[in-house]
>>> print(open('structure09.cif').read())   # mmCIF, C-alpha atoms
data_entry
loop_
_atom_site.label_atom_id
_atom_site.label_comp_id
_atom_site.auth_asym_id
_atom_site.auth_seq_id
_atom_site.Cartn_x
_atom_site.Cartn_y
_atom_site.Cartn_z
CA MET A 306 0.00 0.00 0.00
CA ALA A 307 2.83 2.33 0.90
CA ALA A 308 4.43 1.66 -2.46
CA ALA A 309 1.18 2.40 -4.29
CA ALA A 310 0.73 5.64 -2.35
CA SER A 311 4.30 6.62 -3.16
CA ARG A 312 3.76 5.94 -6.87
CA SER A 313 0.53 7.97 -6.82
CA ALA A 314 2.28 10.90 -5.14
CA ALA A 315 5.12 10.70 -7.67
CA HIS A 316 2.61 10.69 -10.52
CA ARG A 317 0.84 13.76 -9.14
CA HIS A 318 4.17 15.54 -8.75
CA GLN A 319 5.13 14.73 -12.34
CA ALA A 320 1.75 15.92 -13.62
CA ALA A 321 2.06 19.17 -11.67
CA ALA A 322 5.58 19.71 -12.99
CA ALA A 323 4.41 19.06 -16.55
CA GLN A 324 1.55 21.54 -16.16
CA ALA A 325 3.89 24.17 -14.72
CA MET A 326 6.26 23.66 -17.66
CA ALA A 327 3.37 23.95 -20.12
CA ASN A 328 2.22 27.19 -18.49
CA LEU A 329 5.75 28.57 -18.59
CA THR A 330 6.09 27.66 -22.25
CA LEU A 331 2.72 29.26 -23.07
CA ALA A 332 3.64 32.45 -21.22
CA ASP A 333 6.97 32.55 -23.03
CA GLU A 334 5.22 32.22 -26.38
CA TYR A 335 2.82 35.06 -25.58
CA ALA A 336 5.73 37.19 -24.40
CA ASP A 337 7.65 36.50 -27.60
CA ILE A 338 4.70 37.44 -29.83
CA LEU A 339 3.86 40.62 -27.91
CA ALA A 340 7.52 41.70 -27.89
CA SER A 341 7.53 42.11 -31.66
CA GLU A 342 8.67 45.60 -32.59
CA VAL A 343 7.17 45.70 -36.10
CA THR A 344 3.99 43.62 -36.46
CA VAL A 345 2.21 41.52 -33.86
CA ASP A 346 1.18 38.07 -35.09
CA VAL A 347 -2.55 38.41 -34.32
CA PRO A 348 -3.57 35.11 -35.98
CA ARG A 349 -1.14 33.29 -33.69
CA LEU A 350 -2.52 35.13 -30.66
CA ARG A 351 -6.00 34.10 -31.75
CA GLU A 352 -5.00 30.48 -32.10
CA LEU A 353 -3.31 30.36 -28.69
CA ALA A 354 -6.21 32.08 -26.94
CA ARG A 355 -8.70 29.67 -28.46
CA ARG A 356 -6.76 26.56 -27.60
CA TYR A 357 -5.17 27.33 -24.27
CA GLY A 358 -6.55 30.58 -22.91
CA VAL A 359 -4.47 33.60 -21.98
CA PRO A 360 -2.37 33.95 -18.80
CA HIS A 361 -3.95 36.84 -16.97
CA ALA A 362 -0.74 38.85 -16.95
CA TYR A 363 -0.93 38.97 -20.77
CA ARG A 364 -4.70 39.09 -21.18
CA GLY A 365 -5.02 42.87 -21.47
CA ASP A 366 -2.55 43.14 -24.34
CA VAL A 367 -3.88 40.07 -26.13
CA TRP A 368 -7.50 41.19 -25.93
CA ARG A 369 -6.60 44.66 -27.23
CA PHE A 370 -5.21 43.13 -30.41
CA LEU A 371 -7.98 40.55 -30.84
CA LEU A 372 -10.71 43.17 -30.40
CA GLY A 373 -9.03 45.60 -32.79
CA VAL A 374 -8.47 48.27 -30.15
CA VAL A 375 -4.86 48.56 -31.32
CA PRO A 376 -3.51 47.68 -34.78
CA ALA A 377 -1.06 44.85 -35.34
CA ASP A 378 1.28 47.29 -37.09
CA ARG A 379 3.28 49.00 -34.35
CA SER A 380 4.95 51.61 -36.54
CA HIS A 381 2.66 54.36 -35.17
CA GLU A 382 2.04 52.91 -31.72
CA LEU A 383 2.83 56.00 -29.68
CA SER A 384 0.80 58.41 -31.81
CA THR A 385 -2.24 56.13 -31.91
CA ALA A 386 -2.07 55.65 -28.13
CA ARG A 387 -2.07 59.41 -27.63
CA ALA A 388 -4.99 59.76 -30.04
CA ARG A 389 -6.97 57.13 -28.13
CA GLN A 390 -6.26 58.89 -24.86
CA ALA A 391 -7.40 62.24 -26.25
CA ALA A 392 -10.53 60.68 -27.70
CA TYR A 393 -11.42 58.99 -24.42
CA ASP A 394 -10.76 62.15 -22.39
CA ALA A 395 -13.13 64.07 -24.66
CA LEU A 396 -15.85 61.41 -24.43
CA ALA A 397 -15.54 61.11 -20.65
CA SER A 398 -15.68 64.87 -20.13
CA ALA A 399 -18.74 65.19 -22.37
CA ALA A 400 -20.45 62.29 -20.59
CA ALA A 401 -19.87 63.79 -17.15
CA MET A 402 -21.65 66.99 -18.21
CA SER A 403 -24.43 65.41 -20.30
CA PRO A 404 -28.10 65.46 -19.19
CA LEU A 405 -28.00 61.67 -19.27
CA ALA A 406 -25.39 61.58 -16.50
CA LEU A 407 -27.71 62.61 -13.69
CA ASP A 408 -30.26 59.99 -14.69
CA VAL A 409 -27.85 57.09 -15.24
CA ALA A 410 -25.13 57.75 -12.65
CA LYS A 411 -27.13 56.52 -9.65
CA ARG A 412 -28.06 53.28 -11.43
CA VAL A 413 -24.47 52.76 -12.51
CA ARG A 414 -23.16 53.21 -8.98
CA GLY A 415 -25.68 50.78 -7.55
CA ASP A 416 -25.05 48.08 -10.16
CA VAL A 417 -21.27 48.36 -9.91
CA SER A 418 -21.38 48.19 -6.11
CA ARG A 419 -23.61 45.10 -6.19
CA TYR A 420 -21.34 43.42 -8.72
CA LEU A 421 -18.18 44.12 -6.73
CA ARG A 422 -19.73 42.79 -3.53
CA ARG A 423 -20.45 39.40 -5.05
CA ALA A 424 -17.24 39.30 -7.13
CA ALA A 425 -14.89 40.07 -4.25
CA PRO A 426 -14.15 36.40 -3.31
CA ARG A 427 -13.05 35.72 -6.87
CA LEU A 428 -10.72 38.68 -7.15
CA ALA A 429 -7.96 37.11 -5.02
CA VAL A 430 -6.91 34.78 -7.83
CA LEU A 431 -6.63 37.66 -10.27
CA GLN A 432 -4.97 40.02 -7.83
CA ALA A 433 -2.00 37.70 -7.35
CA ALA A 434 -1.35 37.66 -11.10
CA LEU A 435 -1.38 41.37 -11.74
CA ASP A 436 1.12 44.17 -11.45
CA SER A 437 1.27 46.02 -8.14
CA ASP A 438 2.51 49.13 -9.91
CA ALA A 439 -0.64 49.23 -12.03
CA VAL A 440 -2.80 49.02 -8.93
CA ALA A 441 -0.90 51.76 -7.18
CA ALA A 442 -1.34 53.95 -10.27
CA ALA A 443 -5.05 53.12 -10.51
CA THR A 444 -5.54 53.85 -6.82
CA ALA A 445 -3.73 57.18 -7.15
CA ALA A 446 -5.84 58.02 -10.22
CA ALA A 447 -9.02 57.23 -8.33
CA ALA A 448 -7.93 59.43 -5.44
CA ALA A 449 -7.07 62.27 -7.80
CA SER A 450 -10.41 61.90 -9.55
CA ALA A 451 -12.29 61.87 -6.25
CA ALA A 452 -10.61 65.11 -5.26
CA ALA A 453 -11.78 66.69 -8.49
CA VAL A 454 -15.47 65.86 -8.06
CA THR A 455 -17.79 68.80 -8.59
CA LEU A 456 -21.51 69.22 -8.00
CA THR A 457 -22.16 69.05 -11.74
CA SER A 458 -20.27 65.77 -12.20
CA PRO A 459 -22.23 62.76 -10.87
CA ILE A 460 -19.28 60.46 -11.54
CA SER A 461 -15.81 61.88 -11.30
CA PRO A 462 -13.87 62.33 -14.56
CA PRO A 463 -10.84 60.15 -15.18
CA ALA A 464 -7.42 61.29 -14.17
CA ASN A 465 -4.72 61.67 -16.80
CA GLN A 466 -3.60 58.16 -17.69
CA SER A 467 -0.57 59.08 -19.74
CA SER A 468 2.36 56.80 -19.05
CA SER A 469 5.96 56.67 -20.03
CA SER A 470 5.03 54.04 -22.59
CA PRO A 471 1.50 54.46 -23.91
CA GLY A 472 1.87 51.43 -26.11
CA SER A 473 1.69 47.78 -25.24
CA GLN A 474 2.91 46.90 -21.74
CA THR A 475 3.96 43.27 -21.75
CA PRO A 476 5.12 41.40 -18.66
CA SER A 477 8.77 41.82 -17.92
CA SER A 478 11.26 39.06 -18.48
CA ASN A 479 12.22 38.89 -14.81
CA GLY A 480 8.92 37.29 -13.92
CA GLY A 481 7.10 40.48 -12.97
CA SER A 482 3.77 41.21 -14.56
CA GLY A 483 3.27 44.29 -16.63
CA GLY A 484 -0.21 43.18 -17.64
CA GLY A 485 -1.63 44.94 -14.65
CA GLY A 486 -5.35 45.36 -14.73
CA MET A 487 -6.98 47.77 -12.32
CA MET A 488 -8.18 45.11 -9.90
CA ALA A 489 -4.75 43.97 -8.82
CA ALA A 490 -3.73 43.77 -5.19
CA ALA A 491 -0.54 45.42 -3.99
CA PRO A 492 1.42 45.61 -0.76
CA GLY A 493 0.83 49.38 -0.71
CA PRO A 494 -2.86 49.98 -1.45
CA THR A 495 -5.34 48.34 0.90
CA PRO A 496 -8.02 46.03 -0.53
CA ALA A 497 -10.58 48.76 0.09
CA ALA A 498 -8.47 51.30 -1.83
CA ALA A 499 -8.02 48.86 -4.73
CA ALA A 500 -11.78 48.23 -4.78
CA ASP A 501 -12.44 51.98 -4.85
CA ALA A 502 -10.03 52.35 -7.77
CA VAL A 503 -11.68 49.71 -9.90
CA ARG A 504 -15.14 50.93 -8.90
CA GLY A 505 -14.29 54.36 -10.25
CA VAL A 506 -12.97 52.89 -13.51
CA MET A 507 -16.09 50.79 -14.05
CA GLU A 508 -18.44 53.67 -13.27
CA ARG A 509 -16.69 56.14 -15.57
CA VAL A 510 -16.45 53.66 -18.45
CA LEU A 511 -20.14 52.76 -18.17
CA LEU A 512 -21.32 56.36 -17.95
CA THR A 513 -19.10 57.39 -20.86
CA TYR A 514 -20.37 54.52 -23.01
CA ALA A 515 -24.01 55.18 -22.14
CA ALA A 516 -23.68 58.87 -23.03
CA ALA A 517 -21.66 58.28 -26.21
CA HIS A 518 -24.06 55.66 -27.55
CA ALA A 519 -27.36 57.18 -26.46
CA VAL A 520 -27.64 58.81 -29.89
CA HIS A 521 -27.59 55.32 -31.41
CA GLY A 522 -30.45 54.15 -29.24
CA ALA A 523 -28.41 52.37 -26.57
CA GLU A 524 -30.13 52.26 -23.19
CA TYR A 525 -28.28 51.46 -20.00
CA ALA A 526 -28.90 47.93 -18.69
CA PRO A 527 -27.90 46.48 -15.28
CA THR A 528 -25.95 43.66 -16.96
CA TRP A 529 -23.45 46.21 -18.28
CA ALA A 530 -21.70 46.31 -14.90
CA ALA A 531 -20.85 42.62 -15.20
CA VAL A 532 -19.80 43.01 -18.84
CA VAL A 533 -17.35 45.83 -18.15
CA ALA A 534 -15.70 44.09 -15.17
CA PRO A 535 -13.45 41.71 -17.18
CA PHE A 536 -12.01 44.67 -19.06
CA ALA A 537 -11.42 46.64 -15.88
CA ALA A 538 -9.69 43.52 -14.54
CA ALA A 539 -7.46 42.94 -17.54
CA MET A 540 -6.64 46.24 -19.22
CA HIS A 541 -3.64 48.44 -18.43
CA THR A 542 -5.46 51.76 -18.62
CA GLU A 543 -8.96 53.11 -18.29
CA ARG A 544 -8.96 54.25 -21.91
CA ASP A 545 -8.21 50.72 -23.13
CA ALA A 546 -10.87 49.32 -20.81
CA TYR A 547 -13.35 51.69 -22.45
CA PHE A 548 -12.44 50.96 -26.06
CA ALA A 549 -12.27 47.19 -25.46
CA PHE A 550 -15.67 47.31 -23.75
CA GLU A 551 -17.05 49.34 -26.65
CA ALA A 552 -15.73 46.83 -29.21
CA TRP A 553 -17.13 43.90 -27.21
CA MET A 554 -20.55 45.53 -26.83
CA ALA A 555 -20.67 45.95 -30.60
CA ARG A 556 -20.14 42.21 -30.98
CA LEU A 557 -22.82 41.43 -28.41
CA ASP A 558 -25.28 43.78 -30.10
CA ASP A 559 -24.61 42.17 -33.48
CA GLN A 560 -25.89 38.86 -32.10
CA PHE A 561 -29.36 40.40 -31.75
CA ALA A 562 -29.35 42.63 -34.81
CA LEU A 563 -31.42 40.20 -36.88
CA ARG A 564 -33.09 38.21 -34.10
CA PRO A 565 -34.34 40.01 -30.97
CA LEU A 566 -33.21 38.78 -27.58
CA GLN A 567 -36.65 37.40 -26.74
CA TYR A 568 -36.60 35.32 -29.92
CA VAL A 569 -33.14 33.93 -29.16
CA THR A 570 -34.29 33.12 -25.62
CA SER A 571 -37.28 31.16 -26.87
CA ASP A 572 -35.25 29.48 -29.59
CA LEU A 573 -32.77 28.24 -27.01
CA MET A 574 -35.54 26.79 -24.86
CA VAL A 575 -36.79 24.89 -27.90
CA ARG A 576 -33.28 23.47 -28.23
CA VAL A 577 -33.37 22.46 -24.56
CA ARG A 578 -36.61 20.59 -25.16
CA SER A 579 -35.06 18.82 -28.16
CA VAL A 580 -31.68 17.96 -26.61
CA ALA A 581 -32.71 17.38 -22.99
CA PRO A 582 -36.48 16.93 -22.69
CA ASP A 583 -36.13 15.78 -19.09
CA VAL A 584 -34.51 19.10 -18.13
CA TYR A 585 -37.13 21.06 -20.07
CA ASN A 586 -39.99 19.16 -18.47
CA PHE A 587 -38.48 19.57 -15.01
CA LEU A 588 -38.23 23.34 -15.39
CA ASP A 589 -41.75 23.45 -16.79
CA GLU A 590 -43.19 21.38 -13.92
CA GLU A 591 -41.44 23.59 -11.37
CA GLU A 592 -42.81 26.66 -13.17
CA VAL A 593 -39.34 28.11 -13.74
CA ASP A 594 -39.72 30.68 -16.50
CA ALA A 595 -36.65 30.99 -18.74
CA ARG A 596 -37.32 34.71 -19.07
CA ASP A 597 -36.34 35.13 -15.42
CA TRP A 598 -32.69 34.19 -16.05
CA LEU A 599 -31.84 33.23 -19.63
CA PRO A 600 -31.96 36.70 -21.27
CA ALA A 601 -29.23 37.86 -18.86
CA TRP A 602 -27.12 34.83 -19.77
CA LEU A 603 -27.41 35.66 -23.45
CA ALA A 604 -27.09 39.45 -23.28
CA SER A 605 -24.06 39.48 -20.96
CA ALA A 606 -22.23 36.46 -22.42
CA LEU A 607 -22.68 34.83 -18.98
CA ALA A 608 -20.82 37.64 -17.19
CA SER A 609 -23.86 38.41 -15.03
CA ALA A 610 -24.20 34.80 -13.81
CA TRP A 611 -20.68 33.35 -13.72
CA PRO A 612 -17.76 34.17 -11.41
CA LEU A 613 -15.24 36.55 -12.91
CA ASP A 614 -12.39 34.07 -13.37
CA ALA A 615 -14.65 31.67 -15.31
CA VAL A 616 -15.89 34.52 -17.49
CA LEU A 617 -12.32 35.54 -18.31
CA ARG A 618 -11.48 32.03 -19.50
CA LEU A 619 -14.68 31.75 -21.54
CA TRP A 620 -14.15 35.13 -23.15
CA ASP A 621 -10.64 34.10 -24.21
CA VAL A 622 -12.46 31.67 -26.51
CA TYR A 623 -15.17 34.11 -27.57
CA ILE A 624 -12.90 37.08 -28.22
CA ALA A 625 -10.47 34.90 -30.17
CA GLY A 626 -13.32 33.62 -32.33
CA GLY A 627 -13.55 36.75 -34.43
CA VAL A 628 -16.38 36.62 -36.97
CA PRO A 629 -17.66 33.02 -36.76
CA GLN A 630 -18.04 31.02 -39.94
CA GLN A 631 -19.93 27.74 -39.97
CA GLN A 632 -18.63 25.05 -42.25
CA SER A 633 -20.90 24.60 -45.22
CA GLY A 634 -20.04 21.07 -46.09
CA GLY A 635 -17.81 18.10 -45.58
CA SER A 636 -17.05 16.32 -42.35
CA THR A 637 -17.39 18.42 -39.22
CA SER A 638 -15.95 15.86 -36.85
CA PRO A 639 -12.81 17.36 -35.30
CA THR A 640 -9.71 15.23 -35.32
CA ASP A 641 -8.33 16.96 -32.22
CA SER A 642 -10.06 16.40 -28.89
CA SER A 643 -9.08 19.79 -27.48
CA PRO A 644 -11.83 22.39 -26.95
CA ALA A 645 -10.17 24.74 -29.38
CA ALA A 646 -10.02 22.21 -32.19
CA ASN A 647 -13.75 21.66 -31.82
CA ASN A 648 -14.26 25.41 -31.59
CA GLU A 649 -12.44 25.97 -34.84
CA ALA A 650 -14.49 23.24 -36.52
CA ALA A 651 -17.77 24.72 -35.34
CA GLY A 652 -16.87 28.32 -36.07
CA GLY A 653 -16.16 29.71 -32.61
CA GLY A 654 -16.87 33.20 -31.34
CA LEU A 655 -20.24 34.35 -30.07
CA GLU A 656 -22.13 32.01 -32.40
CA LEU A 657 -21.03 29.34 -29.94
CA HIS A 658 -22.54 31.21 -27.01
CA PRO A 659 -26.10 29.77 -27.08
CA TRP A 660 -24.61 26.29 -27.08
CA VAL A 661 -22.40 27.13 -24.11
CA CYS A 662 -25.53 28.32 -22.30
CA LEU A 663 -27.19 25.00 -23.13
CA ALA A 664 -24.17 23.02 -21.93
CA ALA A 665 -24.08 25.06 -18.69
CA LEU A 666 -27.76 24.36 -18.08
CA LEU A 667 -27.31 20.62 -18.61
CA GLN A 668 -24.39 20.62 -16.16
CA LEU A 669 -26.71 22.02 -13.47
CA LYS A 670 -29.33 19.30 -13.87
CA GLU A 671 -28.49 17.32 -10.72
CA GLN A 672 -28.12 20.43 -8.57
CA MET A 673 -31.53 21.72 -9.64
CA GLU A 674 -33.41 18.50 -8.87
CA ASP A 675 -33.35 19.03 -5.09
CA LEU A 676 -34.35 22.71 -5.18
CA GLU A 677 -37.56 24.66 -5.09
CA ALA A 678 -38.50 26.97 -7.96
CA SER A 679 -37.20 30.12 -6.28
CA GLU A 680 -33.94 28.36 -5.39
CA ILE A 681 -33.54 27.15 -8.97
CA VAL A 682 -33.87 30.70 -10.30
CA ALA A 683 -31.35 31.91 -7.72
CA LEU A 684 -28.92 29.18 -8.80
CA LEU A 685 -29.34 30.06 -12.47
CA ARG A 686 -28.70 33.72 -11.75
CA ARG A 687 -25.47 32.95 -9.83
CA VAL A 688 -23.93 29.79 -11.26
CA PRO A 689 -21.07 28.33 -9.16
CA VAL A 690 -18.94 27.33 -12.14
CA GLN A 691 -15.15 27.12 -11.88
CA ALA A 692 -12.67 28.37 -14.46
CA SER A 693 -11.37 24.80 -14.72
CA ASP A 694 -14.84 23.71 -15.92
CA VAL A 695 -14.88 26.04 -18.90
CA ASP A 696 -12.87 23.91 -21.31
CA ASN A 697 -15.19 20.97 -20.77
CA LEU A 698 -18.27 23.17 -21.26
CA VAL A 699 -16.83 24.53 -24.50
CA ASN A 700 -16.22 20.95 -25.65
CA VAL A 701 -19.80 19.94 -24.85
CA ALA A 702 -21.14 23.07 -26.55
CA ASN A 703 -19.15 22.35 -29.71
CA ASN A 704 -20.36 18.77 -29.81
CA LEU A 705 -23.97 19.88 -29.41
CA TRP A 706 -23.55 22.46 -32.17
CA LEU A 707 -21.89 20.00 -34.54
CA GLU A 708 -24.57 17.39 -33.91
CA GLN A 709 -27.36 19.89 -34.52
CA SER A 710 -25.68 21.15 -37.70
CA HIS A 711 -25.37 17.58 -38.96
CA GLN A 712 -29.04 16.86 -38.23
CA ALA A 713 -30.10 20.12 -39.90
CA ARG A 714 -28.20 19.21 -43.08
CA GLU A 715 -29.74 15.76 -43.15
CA SER A 716 -33.19 17.26 -42.66
CA ALA A 717 -32.62 19.79 -45.44
CA GLU A 718 -31.36 17.12 -47.82
CA TYR A 719 -34.37 14.92 -47.05
CA SER A 720 -36.80 17.82 -47.52
CA ASN A 721 -35.18 18.84 -50.79
CA GLY A 722 -35.29 15.28 -52.00
CA ASN A 723 -39.02 15.15 -51.37
CA GLY A 724 -39.71 18.51 -52.95
CA ASN A 725 -40.46 20.22 -49.64
CA GLY A 726 -39.00 23.42 -48.29
CA GLY A 727 -35.96 23.18 -46.08
CA GLY A 728 -35.60 24.33 -42.53
CA ASN A 729 -35.56 22.74 -39.12
CA GLY A 730 -38.62 24.42 -37.66
CA SER A 731 -36.72 26.71 -35.36
CA GLY A 732 -38.39 29.75 -36.92
CA ALA A 733 -41.47 29.01 -34.87
CA ALA A 734 -39.46 28.92 -31.67
CA TYR A 735 -40.59 32.21 -30.25
CA SER A 736 -44.27 31.82 -30.96
CA GLU A 737 -44.30 28.21 -29.76
CA TYR A 738 -42.51 28.74 -26.47
CA GLY A 739 -44.05 32.14 -25.92
CA GLU A 740 -47.57 30.84 -26.40
CA GLN A 741 -46.88 27.95 -24.07
CA ARG A 742 -45.64 30.27 -21.31
CA ARG A 743 -48.62 32.58 -21.80
CA THR A 744 -51.12 29.72 -21.44
CA PRO A 745 -52.50 30.00 -17.91
CA ARG A 746 -52.07 26.99 -15.69
CA THR A 747 -54.91 25.36 -13.82
CA PRO A 748 -54.95 27.08 -10.42
CA ARG A 749 -53.78 24.94 -7.56
CA LYS A 750 -56.31 24.18 -4.87
CA VAL A 751 -55.70 26.15 -1.73
CA THR A 752 -57.09 24.88 1.52
CA ALA A 753 -58.98 27.59 3.34
CA ARG A 754 -57.79 28.36 6.82
#
>>> encode(input="structure09.cif", output="structure tokens")
Amino acid sequence: MAAAASRSAAHRHQAAAAQAMANLTLADEYADILASEVTVDVPRLRELARRYGVPHAYRGDVWRFLLGVVPADRSHELSTARARQAAYDALASAAAMSPLALDVAKRVRGDVSRYLRRAAPRLAVLQAALDSDAVAAATAAAAASAAAVTLTSPISPPANQSSSSPGSQTPSSNGGSGGGGMMAAAPGPTPAAAADAVRGVMERVLLTYAAAHAVHGAEYAPTWAAVVAPFAAAMHTERDAYFAFEAWMARLDDQFALRPLQYVTSDLMVRVRSVAPDVYNFLDEEEVDARDWLPAWLASALASAWPLDAVLRLWDVYIAGGVPQQQSGGSTSPTDSSPAANNEAAGGGLELHPWVCLAALLQLKEQMEDLEASEIVALLRRVPVQASDVDNLVNVANNLWLEQSHQARESAEYSNGNGNGGGNGSGAAYSEYGEQRRTPRTPRKVTAR
């Protein structure tokens, strides 16, 4: 027995050493790509992020390139950084003085505070990976901004974020992290001071975005606080957090440009009924309405329901996906078992998101079975998923998507062969599920007391 225990311990040690070496190699590869002085290899960054995720120390720089916030060509890096800073300063100043500010600022503060209260336990993992210098700078900026508050400015304007190097700040070769987001912990600033710094960043970015996009019909939503948090956690500066958030919101909005959110919600519930009728029937019997939790999953890319570290890992996959393209023909069975290989086969990006939501729901099946309806809704609004679970969920989501795509092609071929119109019937999803939810149930008998 002692020998077996010794062999097991040795095996675990070897596995841990192998994982540490793999992480070191991955970090080295990111560092090498980001250190390029001429052109950053964005396709390689995309491939690495899809397959393996991004070490948090490098996440800010990698996401900036993948979202198009900064160009791959670094020949004009300094001038473009200054232009971005000037543009953000102008937007933030205009937002602070806009009529919208007084109406939205209170809601923004409340939503950000609520998000930070529930996210605090998860921040420790991220804080250890980030640059203490960045936190000290963010804390000082927040203090400077607070001192500049006026009665006409409901949320304080950002302090000057100019740095000695306004371009990409990659982690240093001595093991220190230069990827400092604004949620990092540091020996100097207290946790409360660090929280105040990131709270100010999130509030200003949200107010600036709401004011800048009001002319395009954008209306502030409570889920925005959860959506902006990963960028406040990962980006070097407030300006980059804003422009990355803006680019990401454009991608999220594009998902509902042709199909409204309520349609996508109903369509996904039809998929649940097809893939997992037992789960669908259970939710129906417990009178758990999907509209109480699923729209937030879809609109926030799970940021409103998942812990921050899990969201960061999932968004590595989504942000790396670019503009998804489904394969139009041929075999769709991936030859590589990794999540990223499946993701590439299925198309990746936010087109994968409904399938990730479906996979996440299926994973919660056993937990939901012992709960009451109100407890089920609470669980679905705050899902206790771990970052280590994300790769498996992405795998499951890809497999579900590939299987559905295969069935849809077979159905279309059969329909065409019989002279009937194609389609898989999903167009009726909204009316079918919506009508079902609007049908009143038979009232339960209540014993008079």
>>> closest_residue(input="structure09.cif", among="A:Gln668, A:Asp545, A:Arg687, A:Asp694", to="Thr385 (chain A)", atoms="all atoms listed in the file")
A:Asp545
>>> resolve_selection(input="structure09.cif", expression="the PyMOL selection byres ((chain A and resi 612) around 8)", output="list in words")
Ala424, Arg427, Ala608, Ala610, Trp611, Leu613, Asp614, Ala615, Val616, Arg687, Val688, Pro689, Val690 and Gln691 of chain A
>>> write_last_selection(input="structure09.cif", atoms="C-alpha atoms", output="JSON list (two decimals), in the frame of the given file")
[["chain", "number", "residue", "atom", "x", "y", "z"],
["A", 424, "ALA", "CA", -17.24, 39.30, -7.13],
["A", 427, "ARG", "CA", -13.05, 35.72, -6.87],
["A", 608, "ALA", "CA", -20.82, 37.64, -17.19],
["A", 610, "ALA", "CA", -24.20, 34.80, -13.81],
["A", 611, "TRP", "CA", -20.68, 33.35, -13.72],
["A", 613, "LEU", "CA", -15.24, 36.55, -12.91],
["A", 614, "ASP", "CA", -12.39, 34.07, -13.37],
["A", 615, "ALA", "CA", -14.65, 31.67, -15.31],
["A", 616, "VAL", "CA", -15.89, 34.52, -17.49],
["A", 687, "ARG", "CA", -25.47, 32.95, -9.83],
["A", 688, "VAL", "CA", -23.93, 29.79, -11.26],
["A", 689, "PRO", "CA", -21.07, 28.33, -9.16],
["A", 690, "VAL", "CA", -18.94, 27.33, -12.14],
["A", 691, "GLN", "CA", -15.15, 27.12, -11.88]]
>>> closest_residue(input="structure09.cif", among="A:Asn704, A:Ala683, A:Lys670, A:Ser418", to="Asp583 (chain A)", atoms="all atoms listed in the file")
A:Lys670
>>> residues_around(input="structure09.cif", residues="Tyr525 (chain A)", least_positions_apart="2", cutoff="12 Å", atoms="all atoms listed in the file", output="PyMOL selection string")
chain A and resi 405-406+408-413+416+511-519+522-523+527-530+554
>>> resolve_selection(input="structure09.cif", expression="the PyMOL selection byres ((chain A and resi 557) around 8)", output="PDB file with C-alpha atoms, in the frame of the given file")
ATOM      1  CA  TRP A 553     -17.130  43.900 -27.210  1.00  0.00           C
ATOM      2  CA  MET A 554     -20.550  45.530 -26.830  1.00  0.00           C
ATOM      3  CA  ALA A 555     -20.670  45.950 -30.600  1.00  0.00           C
ATOM      4  CA  ARG A 556     -20.140  42.210 -30.980  1.00  0.00           C
ATOM      5  CA  ASP A 558     -25.280  43.780 -30.100  1.00  0.00           C
ATOM      6  CA  ASP A 559     -24.610  42.170 -33.480  1.00  0.00           C
ATOM      7  CA  GLN A 560     -25.890  38.860 -32.100  1.00  0.00           C
ATOM      8  CA  PHE A 561     -29.360  40.400 -31.750  1.00  0.00           C
ATOM      9  CA  ALA A 604     -27.090  39.450 -23.280  1.00  0.00           C
ATOM     10  CA  SER A 605     -24.060  39.480 -20.960  1.00  0.00           C
ATOM     11  CA  ALA A 606     -22.230  36.460 -22.420  1.00  0.00           C
ATOM     12  CA  LEU A 655     -20.240  34.350 -30.070  1.00  0.00           C
TER      13      LEU A 655
END
>>> atom_distance(input="structure09.cif", atom1="CA of Pro600 (chain A)", atom2="CA of Glu708 (chain A)")
24.2 Å
>>> residues_around(input="structure09.cif", residues="Tyr585 (chain A)", least_positions_apart="2", cutoff="12 Å", atoms="all atoms listed in the file", output="list in words")
Leu573, Met574, Val575, Arg576, Val577, Arg578, Ser579, Val580, Ala581, Pro582, Asp583, Phe587, Leu588, Asp589, Glu590, Glu591, Glu592, Val593, Asp594, Ala595, Leu663, Leu666, Leu667, Lys670, Met673 and Tyr738 of chain A
>>> closest_residue(input="structure09.cif", among="A:Tyr357, A:Phe548, A:Tyr420, A:Tyr393", to="Val622 (chain A)", atoms="all atoms listed in the file")
A:Tyr357
>>> atom_distance(input="structure09.cif", atom1="CA of Val343 (chain A)", atom2="CA of Arg364 (chain A)")
20.2 Å
>>> atom_distance(input="structure09.cif", atom1="CA of Ala399 (chain A)", atom2="CA of Pro376 (chain A)")
26.3 Å
>>> closest_residue(input="structure09.cif", among="A:Glu508, A:Asp501, A:Ala397, A:Ala538", to="Arg414 (chain A)", atoms="all atoms listed in the file")
A:Glu508
>>> closest_residue(input="structure09.cif", among="A:Ile624, A:Glu551, A:Glu718, A:Leu599", to="Tyr568 (chain A)", atoms="only C-alpha atoms")
A:Leu599
>>> closest_residue(input="structure09.cif", among="A:Thr570, A:Ala502, A:Gly626, A:Gln672", to="Gly654 (chain A)", atoms="only C-alpha atoms")
A:Gly626
>>> resolve_selection(input="structure09.cif", expression="the PyMOL selection byres ((chain A and resi 706) around 10)", output="list in words")
Asn647, Asn648, Ala651, Gly652, Glu656, Leu657, Pro659, Trp660, Val661, Asn700, Val701, Ala702, Asn703, Asn704, Leu705, Leu707, Glu708, Gln709, Ser710, His711 and Gln712 of chain A
>>> axis_aligned_box(input="structure09.cif", around="region 664-683 of chain A", padding_each_side="5 Å", output="AutoDock Vina command-line options")
--center_x -31.3 --center_y 24.6 --center_z -13.5 --size_x 24.4 --size_y 24.6 --size_z 26.8
>>> residues_around(input="structure09.cif", residues="Asp378 (chain A)", least_positions_apart="5", cutoff="10 Å", atoms="only C-alpha atoms", output="ChimeraX atom specification")
/A:341-346
